[in-house]
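For reference, the structure discussed in these notes is given below.
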Amino acid sequence: MIRTILHYPDPRLREPGKKVTEVTDELRKLIDDMAETMYAAPGVGLAATQIGEPWQIFVIDIAAEDEPSNLQVFVNPEILARDGEITWQEGCLSFPGVQEDIDRAAKVRVRAQDRDGKTFELEADGLLAVAIQHELDHLEGVLMIDHMGPLKKRLVHRKMQRREDAHATR
Ligand code: GNR
Ligand code: NI
């Protein structure tokens, strides 16, 4: 089922995700919904908190359009190591129409569980590293606007606020 993606400044985007103690069938259904919602958007990643489900879960698929899909599921993710620095023009499904340069670590080593609850470790660079850090932020209630300088932050806040006002008066 495709879920509704929350838009900034929805306060639910600020709620941190809860640690998953067991990947139940119910949570696997949530993971399926997250993947379906991400592909429909379309986006390269989606965090559970973006659809109002406060769990430490995100999904990522960075495969290009002409490549077979490659869904990666991260439950209870943690970054074990970061290295280097990279600036990437990021978008966020919770900030439609916004694209800004954000500084991140260039490489990350991550530990997480998959949809069967099995622990895995992964080393990532490029877009995958950027996406993992972007999604991990979501699980802590941190949003791309928090990485912007004060001028861009105010601009983006106003743009999103105006957008919300326009939708509310319809
Ligand atoms: O679709 C998305 N694209 C993207 C591009 C650059 C850096 C991060 C991202 S994640 C974003 C989807 C999203 O909002 N995930 O939370
Ligand atoms: Ni996002």
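Quick note on naming: the chains in the structure tokens go A, B, ... in the order shown, residues restart at 1 in each chain, and ligands are numbered from 1 in order of appearance.
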
With the cut-off set at 7 Å and counting only C-alpha atoms and all ligand atoms, tabulate each residue of chain A with an atom at most that distance from an atom of ligand 1, showing the nearest atom pair and its distance in Å to one decimal, ordered by chain and increasing number, as JSON lines.
{"residue": "A:Pro42", "atom": "CA", "partner": "ligand 1", "partner_atom_place_in_ligand_line": "1 (O)", "distance": 6.7}
{"residue": "A:Gly43", "atom": "CA", "partner": "ligand 1", "partner_atom_place_in_ligand_line": "1 (O)", "distance": 3.3}
{"residue": "A:Val44", "atom": "CA", "partner": "ligand 1", "partner_atom_place_in_ligand_line": "1 (O)", "distance": 4.1}
{"residue": "A:Gly45", "atom": "CA", "partner": "ligand 1", "partner_atom_place_in_ligand_line": "15 (N)", "distance": 4.3}
{"residue": "A:Leu46", "atom": "CA", "partner": "ligand 1", "partner_atom_place_in_ligand_line": "15 (N)", "distance": 4.3}
{"residue": "A:Ala47", "atom": "CA", "partner": "ligand 1", "partner_atom_place_in_ligand_line": "16 (O)", "distance": 5.5}
{"residue": "A:Trp88", "atom": "CA", "partner": "ligand 1", "partner_atom_place_in_ligand_line": "6 (C)", "distance": 6.7}
{"residue": "A:Gln89", "atom": "CA", "partner": "ligand 1", "partner_atom_place_in_ligand_line": "6 (C)", "distance": 6.0}
{"residue": "A:Glu90", "atom": "CA", "partner": "ligand 1", "partner_atom_place_in_ligand_line": "6 (C)", "distance": 3.6}
{"residue": "A:Gly91", "atom": "CA", "partner": "ligand 1", "partner_atom_place_in_ligand_line": "5 (C)", "distance": 4.6}
{"residue": "A:Cys92", "atom": "CA", "partner": "ligand 1", "partner_atom_place_in_ligand_line": "14 (O)", "distance": 3.2}
{"residue": "A:Leu93", "atom": "CA", "partner": "ligand 1", "partner_atom_place_in_ligand_line": "14 (O)", "distance": 3.9}
{"residue": "A:Ser94", "atom": "CA", "partner": "ligand 1", "partner_atom_place_in_ligand_line": "14 (O)", "distance": 5.8}
{"residue": "A:Leu127", "atom": "CA", "partner": "ligand 1", "partner_atom_place_in_ligand_line": "7 (C)", "distance": 6.8}
{"residue": "A:Val130", "atom": "CA", "partner": "ligand 1", "partner_atom_place_in_ligand_line": "7 (C)", "distance": 5.8}
{"residue": "A:Ala131", "atom": "CA", "partner": "ligand 1", "partner_atom_place_in_ligand_line": "8 (C)", "distance": 4.6}
{"residue": "A:His134", "atom": "CA", "partner": "ligand 1", "partner_atom_place_in_ligand_line": "8 (C)", "distance": 5.7}
{"residue": "A:Glu135", "atom": "CA", "partner": "ligand 1", "partner_atom_place_in_ligand_line": "16 (O)", "distance": 5.1}
{"residue": "A:His138", "atom": "CA", "partner": "ligand 1", "partner_atom_place_in_ligand_line": "16 (O)", "distance": 6.6}

| request: Could you find all residues in segment 51-110 of chain A that DSSP calls strand (DSSP E or B) from the backbone, and write them as a ChimeraX atom specification? | output: /A:55,57-60,72-83,86-91,99-104,107-110

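With only C-alpha atoms and all ligand atoms as the atoms that count, the minimum distance from ligand 2 to the choices A:Gln161, A:Val98, A:Glu26, A:Val73 is reached by A:Val98.
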
| remark: note - atom CA of Pro77 of chain A and atom CA of Asp103 of chain A are separated by 20.3 Å
